[in-house]
$ cat upload-v8.txt   # compact mmCIF, C-alpha atoms and all ligand atoms
# COMPACT_ATOMS: atom_id res chain seq x y z
CA MET O 1197 104.93 -8.83 -92.89
CA PHE O 1198 105.21 -8.04 -96.60
CA MET O 1199 102.00 -9.45 -97.98
CA ARG O 1200 100.91 -8.52 -101.50
CA GLY O 1201 97.48 -9.35 -102.83
CA PRO O 1202 93.92 -8.17 -103.09
CA HIS O 1203 92.90 -9.72 -99.75
CA ASP O 1204 94.00 -9.24 -96.18
CA PRO O 1205 95.82 -12.36 -94.97
CA LEU O 1206 93.74 -14.78 -92.91
CA ARG O 1207 94.45 -14.34 -89.23
CA ILE O 1208 94.63 -17.76 -87.58
CA GLU O 1209 94.16 -17.47 -83.83
CA ARG O 1210 94.53 -21.06 -82.76
CA ALA O 1211 94.53 -24.65 -83.92
CA GLU O 1212 93.33 -27.94 -82.55
CA GLY O 1213 94.13 -31.24 -84.23
CA PRO O 1214 93.45 -30.69 -87.95
CA TRP O 1215 91.30 -27.56 -87.38
CA LEU O 1216 92.39 -23.95 -87.74
CA TYR O 1217 90.30 -21.19 -86.18
CA ALA O 1218 90.43 -17.78 -87.89
CA SER O 1219 89.57 -14.47 -86.25
CA ASN O 1220 86.69 -13.97 -88.74
CA GLY O 1221 84.94 -17.05 -87.30
CA LEU O 1222 86.02 -19.50 -90.03
CA LYS O 1223 86.89 -23.05 -88.96
CA ILE O 1224 89.24 -24.50 -91.57
CA LEU O 1225 90.18 -28.15 -92.08
CA ASP O 1226 93.96 -28.09 -92.61
CA ALA O 1227 94.05 -31.18 -94.79
CA GLY O 1228 97.61 -30.46 -95.93
CA GLY O 1229 99.02 -30.52 -92.38
CA GLY O 1230 100.42 -27.01 -92.93
CA ALA O 1231 103.21 -27.48 -95.47
CA VAL O 1232 103.06 -31.22 -94.61
CA VAL O 1233 104.79 -30.47 -91.31
CA VAL O 1234 102.05 -30.92 -88.70
CA ASN O 1235 100.78 -34.24 -89.98
CA ILE O 1236 99.77 -35.55 -86.57
CA GLY O 1237 97.70 -32.45 -85.88
CA GLN O 1238 98.30 -29.32 -83.88
CA GLY O 1239 98.17 -28.68 -80.16
CA ARG O 1240 99.52 -32.13 -79.18
CA CYS O 1241 100.54 -31.99 -75.51
CA GLU O 1242 103.15 -34.74 -75.89
CA ILE O 1243 104.96 -32.72 -78.60
CA ALA O 1244 104.78 -29.54 -76.49
CA GLU O 1245 106.20 -31.46 -73.51
CA VAL O 1246 109.13 -32.88 -75.50
CA ALA O 1247 109.85 -29.42 -76.98
CA ALA O 1248 109.70 -27.79 -73.53
CA ARG O 1249 111.95 -30.47 -71.99
CA THR O 1250 114.49 -30.21 -74.81
CA ILE O 1251 114.62 -26.41 -74.81
CA ALA O 1252 114.85 -26.27 -71.00
CA ASN O 1253 117.94 -28.46 -71.29
CA LEU O 1254 119.61 -26.83 -74.33
CA ASP O 1255 118.29 -24.00 -76.54
CA TYR O 1256 120.91 -23.59 -79.23
CA ILE O 1257 124.40 -24.52 -80.29
CA VAL O 1258 126.25 -23.42 -83.42
CA PRO O 1259 125.91 -25.78 -86.41
CA VAL O 1260 129.45 -27.18 -86.14
CA TRP O 1261 128.90 -28.56 -82.62
CA THR O 1262 126.86 -31.55 -81.65
CA SER O 1263 124.43 -32.59 -78.92
CA PRO O 1264 122.70 -35.83 -77.91
CA GLU O 1265 119.52 -34.69 -79.75
CA ARG O 1266 121.41 -33.92 -82.97
CA GLU O 1267 123.20 -37.25 -82.80
CA ARG O 1268 119.93 -39.11 -82.23
CA LEU O 1269 118.35 -37.37 -85.21
CA VAL O 1270 121.30 -38.14 -87.50
CA GLU O 1271 121.30 -41.77 -86.37
CA ARG O 1272 117.56 -42.02 -87.08
CA LEU O 1273 117.83 -40.33 -90.49
CA SER O 1274 120.63 -42.63 -91.57
CA ARG O 1275 118.44 -45.61 -90.67
CA TRP O 1276 115.59 -44.23 -92.78
CA THR O 1277 117.59 -43.17 -95.82
CA PRO O 1278 119.40 -45.41 -98.34
CA ALA O 1279 122.55 -47.16 -97.09
CA GLY O 1280 125.67 -45.01 -97.09
CA LEU O 1281 123.90 -41.70 -96.31
CA THR O 1282 125.41 -40.84 -92.95
CA ARG O 1283 126.04 -37.11 -93.25
CA PHE O 1284 123.20 -34.60 -93.04
CA PHE O 1285 122.93 -30.88 -93.56
CA PHE O 1286 120.03 -29.37 -91.65
CA THR O 1287 118.08 -26.45 -93.08
CA SER O 1288 115.12 -24.47 -91.85
CA GLY O 1289 112.76 -25.79 -94.52
CA GLY O 1290 112.18 -26.83 -98.12
CA SER O 1291 113.16 -23.59 -99.84
CA GLU O 1292 116.47 -23.37 -98.00
CA ALA O 1293 117.17 -27.02 -98.80
CA ASN O 1294 116.48 -26.37 -102.51
CA TYR O 1295 118.58 -23.20 -102.43
CA THR O 1296 121.49 -25.08 -100.87
CA ALA O 1297 121.17 -27.78 -103.53
CA MET O 1298 121.20 -25.11 -106.25
CA LEU O 1299 124.36 -23.46 -104.87
CA CYS O 1300 126.09 -26.83 -104.54
CA ALA O 1301 125.17 -27.79 -108.12
CA LEU O 1302 126.31 -24.45 -109.57
CA THR O 1303 129.58 -24.53 -107.62
CA ARG O 1304 130.24 -28.10 -108.63
CA ALA O 1305 129.51 -27.25 -112.27
CA HIS O 1306 131.93 -24.31 -112.05
CA PRO O 1307 134.08 -23.80 -108.91
CA GLU O 1308 134.55 -20.12 -109.88
CA PHE O 1309 130.83 -19.61 -109.27
CA ALA O 1310 131.70 -19.13 -105.59
CA ALA O 1311 133.83 -16.07 -106.35
CA ASP O 1312 132.35 -14.71 -109.58
CA GLY O 1313 128.71 -15.76 -109.47
CA ALA O 1314 126.94 -16.23 -112.81
CA ARG O 1315 129.85 -14.43 -114.56
CA ALA O 1316 131.91 -17.60 -114.05
CA PHE O 1317 129.97 -19.39 -116.78
CA ALA O 1318 130.80 -19.02 -120.46
CA GLY O 1319 127.11 -18.66 -121.28
CA PRO O 1320 124.04 -17.99 -119.14
CA PRO O 1321 123.51 -20.94 -116.77
CA VAL O 1322 120.08 -22.55 -116.88
CA PHE O 1323 118.53 -25.42 -114.96
CA TYR O 1324 115.75 -27.88 -115.60
CA THR O 1325 112.97 -28.78 -113.28
CA SER O 1326 109.51 -30.17 -113.78
CA LYS O 1327 106.73 -27.71 -114.49
CA GLU O 1328 104.97 -29.26 -111.50
CA CYS O 1329 107.86 -28.42 -109.18
CA HIS O 1330 107.59 -26.29 -106.06
CA ARG O 1331 107.71 -22.66 -107.20
CA SER O 1332 110.49 -21.95 -104.70
CA TRP O 1333 112.83 -23.06 -107.52
CA VAL O 1334 112.01 -19.98 -109.58
CA LYS O 1335 112.56 -17.65 -106.62
CA ILE O 1336 115.79 -19.48 -105.82
CA ALA O 1337 117.09 -18.75 -109.34
CA HIS O 1338 116.51 -15.08 -108.53
CA GLN O 1339 118.26 -15.38 -105.14
CA ALA O 1340 121.21 -17.30 -106.57
CA GLY O 1341 121.86 -14.56 -109.11
CA ILE O 1342 121.21 -16.61 -112.24
CA GLY O 1343 117.78 -14.99 -112.73
CA ARG O 1344 114.28 -16.38 -112.89
CA SER O 1345 114.51 -16.89 -116.67
CA ALA O 1346 117.19 -19.56 -115.98
CA ALA O 1347 114.46 -21.94 -114.80
CA ARG O 1348 113.29 -24.31 -117.50
CA LEU O 1349 109.97 -25.76 -116.43
CA VAL O 1350 109.86 -28.99 -118.38
CA ALA O 1351 106.62 -30.84 -119.20
CA THR O 1352 105.84 -34.07 -117.35
CA ASP O 1353 104.78 -37.39 -118.82
CA GLY O 1354 101.38 -37.23 -117.12
CA THR O 1355 102.45 -39.29 -114.09
CA GLY O 1356 104.32 -36.49 -112.32
CA ARG O 1357 107.73 -37.36 -113.75
CA MET O 1358 109.63 -35.01 -116.01
CA SER O 1359 109.29 -36.12 -119.62
CA ALA O 1360 112.69 -37.34 -120.86
CA ALA O 1361 111.81 -36.31 -124.42
CA ALA O 1362 110.79 -32.78 -123.36
CA LEU O 1363 113.97 -32.49 -121.26
CA ALA O 1364 116.17 -33.58 -124.19
CA ALA O 1365 114.44 -31.06 -126.48
CA ALA O 1366 114.88 -28.24 -123.92
CA ILE O 1367 118.60 -29.02 -123.46
CA GLU O 1368 119.15 -29.17 -127.21
CA ALA O 1369 117.44 -25.80 -127.73
CA ASP O 1370 119.54 -24.23 -124.95
CA LEU O 1371 122.81 -25.62 -126.27
CA LYS O 1372 122.00 -24.21 -129.71
CA SER O 1373 121.38 -20.78 -128.23
CA GLY O 1374 124.67 -20.73 -126.28
CA CYS O 1375 123.44 -21.56 -122.76
CA THR O 1376 125.35 -23.80 -120.38
CA PRO O 1377 122.75 -26.23 -119.06
CA GLU O 1378 123.20 -27.30 -115.45
CA ALA O 1379 120.66 -30.06 -114.98
CA ILE O 1380 119.83 -29.81 -111.33
CA ARG O 1381 116.78 -31.98 -110.87
CA GLN O 1382 115.25 -34.56 -113.10
CA TYR O 1383 112.54 -35.78 -110.86
CA VAL O 1384 109.50 -34.16 -109.31
CA ILE O 1385 109.78 -34.35 -105.55
CA SER O 1386 107.02 -31.95 -104.69
CA GLY O 1387 104.52 -34.19 -106.43
CA ALA O 1388 103.88 -37.82 -105.65
CA ALA O 1389 104.81 -40.36 -108.31
CA THR O 1390 104.91 -43.47 -106.12
CA VAL O 1391 103.02 -44.90 -103.15
CA GLU O 1392 106.22 -44.46 -101.15
CA ASP O 1393 106.16 -40.72 -102.01
CA VAL O 1394 102.68 -40.47 -100.46
CA LEU O 1395 103.30 -42.66 -97.41
CA ALA O 1396 106.81 -41.48 -96.58
CA ARG O 1397 107.38 -38.01 -97.98
CA ARG O 1398 103.98 -36.38 -98.36
CA THR O 1399 102.03 -37.72 -95.34
CA ARG O 1400 105.01 -39.10 -93.34
CA ALA O 1401 102.64 -41.91 -92.26
CA LEU O 1402 105.47 -44.41 -92.70
CA PHE O 1403 107.55 -42.68 -90.02
CA LEU O 1404 104.64 -42.01 -87.69
CA ASN O 1405 102.91 -45.39 -87.74
CA ALA O 1406 104.44 -48.03 -89.99
CA ARG O 1407 101.65 -50.52 -89.26
CA ALA O 1408 98.98 -48.03 -90.36
CA ALA O 1409 101.06 -47.20 -93.47
CA PHE O 1410 101.25 -50.94 -94.26
CA GLU O 1411 97.45 -51.17 -94.05
CA MET O 1412 96.92 -48.01 -96.10
CA ALA O 1413 99.20 -49.04 -98.97
CA PRO O 1414 96.65 -50.91 -101.16
CA ARG O 1415 94.05 -48.14 -100.96
CA VAL O 1416 96.65 -45.44 -101.68
CA ALA O 1417 97.95 -47.50 -104.63
CA GLU O 1418 94.39 -47.92 -105.94
CA LEU O 1419 93.69 -44.17 -105.80
CA MET O 1420 97.06 -43.31 -107.32
CA ALA O 1421 96.69 -45.87 -110.12
CA ARG O 1422 93.38 -44.26 -111.06
CA GLU O 1423 94.84 -40.74 -110.89
CA LEU O 1424 98.06 -41.60 -112.75
CA ARG O 1425 96.34 -43.88 -115.26
CA GLN O 1426 98.41 -46.92 -114.28
CA GLY O 1427 97.37 -50.58 -114.49
CA GLY O 1428 96.98 -53.38 -111.94
CA GLU O 1429 100.58 -54.50 -112.39
CA TRP O 1430 101.93 -51.10 -111.36
CA GLU O 1431 99.51 -51.06 -108.44
CA SER O 1432 100.57 -54.43 -107.02
CA ALA O 1433 104.29 -53.73 -107.59
CA GLN O 1434 103.89 -50.45 -105.70
CA VAL O 1435 102.15 -52.15 -102.78
CA ARG O 1436 104.78 -54.90 -102.61
CA ALA O 1437 107.67 -52.41 -102.63
CA VAL O 1438 106.24 -50.04 -100.06
CA ARG O 1439 105.09 -52.85 -97.75
CA LEU O 1440 108.66 -54.17 -97.63
CA GLU O 1441 109.75 -50.73 -96.48
CA CYS O 1442 106.91 -50.47 -93.93
CA ALA O 1443 107.94 -53.82 -92.46
CA ALA O 1444 111.45 -52.46 -91.81
CA PHE O 1445 109.95 -49.62 -89.76
CA VAL O 1446 107.71 -51.73 -87.50
CA PRO O 1447 109.32 -51.93 -84.05
CA LYS O 1448 110.53 -55.43 -83.24
CA GLY O 1449 109.03 -57.37 -80.33
C1 LIG Y 1 109.79 -29.91 -102.74
C2 LIG Y 1 109.53 -28.70 -101.89
N1 LIG Y 1 110.32 -27.62 -102.05
C3 LIG Y 1 110.14 -26.51 -101.30
C4 LIG Y 1 109.14 -26.45 -100.34
C5 LIG Y 1 109.01 -25.16 -99.54
O1 LIG Y 1 109.32 -25.39 -98.25
P1 LIG Y 1 109.38 -24.20 -97.16
O2 LIG Y 1 108.02 -23.60 -97.13
O3 LIG Y 1 109.76 -24.93 -95.91
O4 LIG Y 1 110.42 -23.23 -97.59
C6 LIG Y 1 108.31 -27.54 -100.14
C7 LIG Y 1 107.23 -27.50 -99.13
O5 LIG Y 1 106.42 -28.39 -98.99
C8 LIG Y 1 108.50 -28.70 -100.92
O6 LIG Y 1 107.74 -29.79 -100.77
$ encode --input "upload-v8.txt" --output "structure tokens"
Amino acid sequence: MFMRGPHDPLRIERAEGPWLYASNGLKILDAGGGAVVVNIGQGRCEIAEVAARTIANLDYIVPVWTSPERERLVERLSRWTPAGLTRFFFTSGGSEANYTAMLCALTRAHPEFAADGARAFAGPPVFYTSKECHRSWVKIAHQAGIGRSAARLVATDGTGRMSAAALAAAIEADLKSGCTPEAIRQYVISGAATVEDVLARRTRALFLNARAAFEMAPRVAELMARELRQGGEWESAQVRAVRLECAAFVPKG
């Protein structure tokens, strides 16, 4: 482990539900569900059983092959995502997904990027992301060979969205100084700008229990409206929109 910092890393010995138990006696409430990946709590026997059953049947196949589990997952994802999305590229986590997106965007912007790297561009490539974005983006710029200074962390409008005016000003300044802007993301995904962001992407409640998500929607909208300084109209529109989605996820019969 290559840890850098003034403190020794916390040593977590075990977990139970939302609680983490450290070797120094601390009991920690893991309110974030890890990196939002153990939202239904840790140590769930039913998850361990499914994992054991699946692995006992098939551990690994190369990415280009398929299996009943992969097909089931793709089928489920295409039901949950907007119509027409039927092809999925699996990664090990958020940073790898972002990195893949960055490479795709750079290669699409300049096909020679694949062979020549950043030298393919006439000027230094830069990209724009919100200043509230996940910091993996800055490390990814390093990994992708365009350098950390290529990341333009653009101000938001106070509701989590990138400010269009600040983005336009940043692009204009870069064009003047000879950069070749490759706008990669214009929207903050790591934050939560809508009730759907909270129920589907941040807590995954919508996928885990659509009925509970339906019930939660007004309270989440109320808290978000207060936090994002939005009015009653925004709040009720958010509840209406997300409840329609929740209804589509409730099992029939
Ligand atoms: C938008 C976004 N990008 C990147 C990451 C980093 O993911 P990982 O730790 O799986 O690399 C996260 C994690 O929550 C994320 O939400």
$ closest_atom_pairs --input "upload-v8.txt" --of "stretch 1283-1332 of chain O" --to "stretch 1269-1279 of chain O" --cutoff "10 Å" --atoms "only C-alpha atoms" --output "JSON lines"
{"residue": "O:Arg1283", "atom": "CA", "partner": "O:Val1270", "partner_atom": "CA", "distance": 7.5}
{"residue": "O:Phe1284", "atom": "CA", "partner": "O:Val1270", "partner_atom": "CA", "distance": 6.8}
{"residue": "O:Phe1285", "atom": "CA", "partner": "O:Val1270", "partner_atom": "CA", "distance": 9.6}
{"residue": "O:Phe1286", "atom": "CA", "partner": "O:Val1270", "partner_atom": "CA", "distance": 9.8}
$ atom_distance --input "upload-v8.txt" --atom1 "atom CA of O:Val1233" --atom2 "atom CA of O:Trp1261"
25.7 Å
$ atom_distance --input "upload-v8.txt" --atom1 "atom CA of O:Arg1344" --atom2 "atom CA of O:Leu1206"
28.7 Å
$ atom_distance --input "upload-v8.txt" --atom1 "atom CA of O:Phe1445" --atom2 "atom CA of O:Arg1407"
8.4 Å
$ residues_around --input "upload-v8.txt" --residues "stretch 1346-1350 of chain O" --least-positions-apart "4" --cutoff "6 Å" --atoms "all atoms listed in the file" --output "short mmCIF file (atom, residue, chain, number, x, y, z; two decimals) with C-alpha atoms, in the coordinates of the input"
data_model
loop_
_atom_site.label_atom_id
_atom_site.label_comp_id
_atom_site.auth_asym_id
_atom_site.auth_seq_id
_atom_site.Cartn_x
_atom_site.Cartn_y
_atom_site.Cartn_z
CA VAL O 1322 120.08 -22.55 -116.88
CA PHE O 1323 118.53 -25.42 -114.96
CA TYR O 1324 115.75 -27.88 -115.60
CA THR O 1325 112.97 -28.78 -113.28
CA SER O 1326 109.51 -30.17 -113.78
CA LYS O 1327 106.73 -27.71 -114.49
#
$ closest_residue --input "upload-v8.txt" --among "O:Val1234, O:Ala1311, O:Ala1365, O:Leu1419" --to "ligand LIG 1 (chain Y)" --atoms "all atoms listed in the file"
O:Val1234
$ residues_near_ligand --input "upload-v8.txt" --ligand "ligand LIG 1 (chain Y)" --cutoff "12 Å" --atoms "all atoms listed in the file" --output "PyMOL selection string"
chain O and resi 1228-1234+1286-1298+1325-1326+1328-1336+1381+1383-1388+1393-1394+1397-1399
$ closest_residue --input "upload-v8.txt" --among "O:Leu1222, O:Ala1389, O:Ala1362, O:Ala1396" --to "O:Trp1430" --atoms "all atoms listed in the file"
O:Ala1389
$ residues_around --input "upload-v8.txt" --residues "O:Ile1236" --least-positions-apart "3" --cutoff "12 Å" --atoms "only C-alpha atoms" --output "PyMOL selection string"
chain O and resi 1212-1215+1226-1230+1232-1233+1239-1243+1399-1401+1403-1405
$ closest_residue --input "upload-v8.txt" --among "O:Val1258, O:Ala1413, O:Ala1314, O:Ala1252" --to "O:His1338" --atoms "all atoms listed in the file"
O:Ala1314
$ closest_atom_pairs --input "upload-v8.txt" --of "stretch 1398-1435 of chain O" --to "stretch 1356-1359 of chain O" --cutoff "12 Å" --atoms "all atoms listed in the file" --output "Markdown table"
| residue | atom | partner | partner_atom | distance |
| --- | --- | --- | --- | --- |
| O:Met1420 | CA | O:Gly1356 | CA | 11.1 |
| O:Glu1423 | CA | O:Gly1356 | CA | 10.5 |
| O:Leu1424 | CA | O:Gly1356 | CA | 8.1 |
| O:Arg1425 | CA | O:Gly1356 | CA | 11.3 |
$ closest_residue --input "upload-v8.txt" --among "O:Ala1337, O:Leu1371, O:Glu1245, O:Val1416" --to "O:Gly1313" --atoms "all atoms listed in the file"
O:Ala1337
$ closest_residue --input "upload-v8.txt" --among "O:Asp1353, O:Lys1372, O:Leu1440, O:Ala1364" --to "O:Glu1392" --atoms "all atoms listed in the file"
O:Leu1440
$ residues_around --input "upload-v8.txt" --residues "O:Ala1443" --least-positions-apart "4" --cutoff "9 Å" --atoms "only C-alpha atoms" --output "list in words"
Ala1406, Arg1407, Phe1410, Val1438, Arg1439 and Pro1447 of chain O
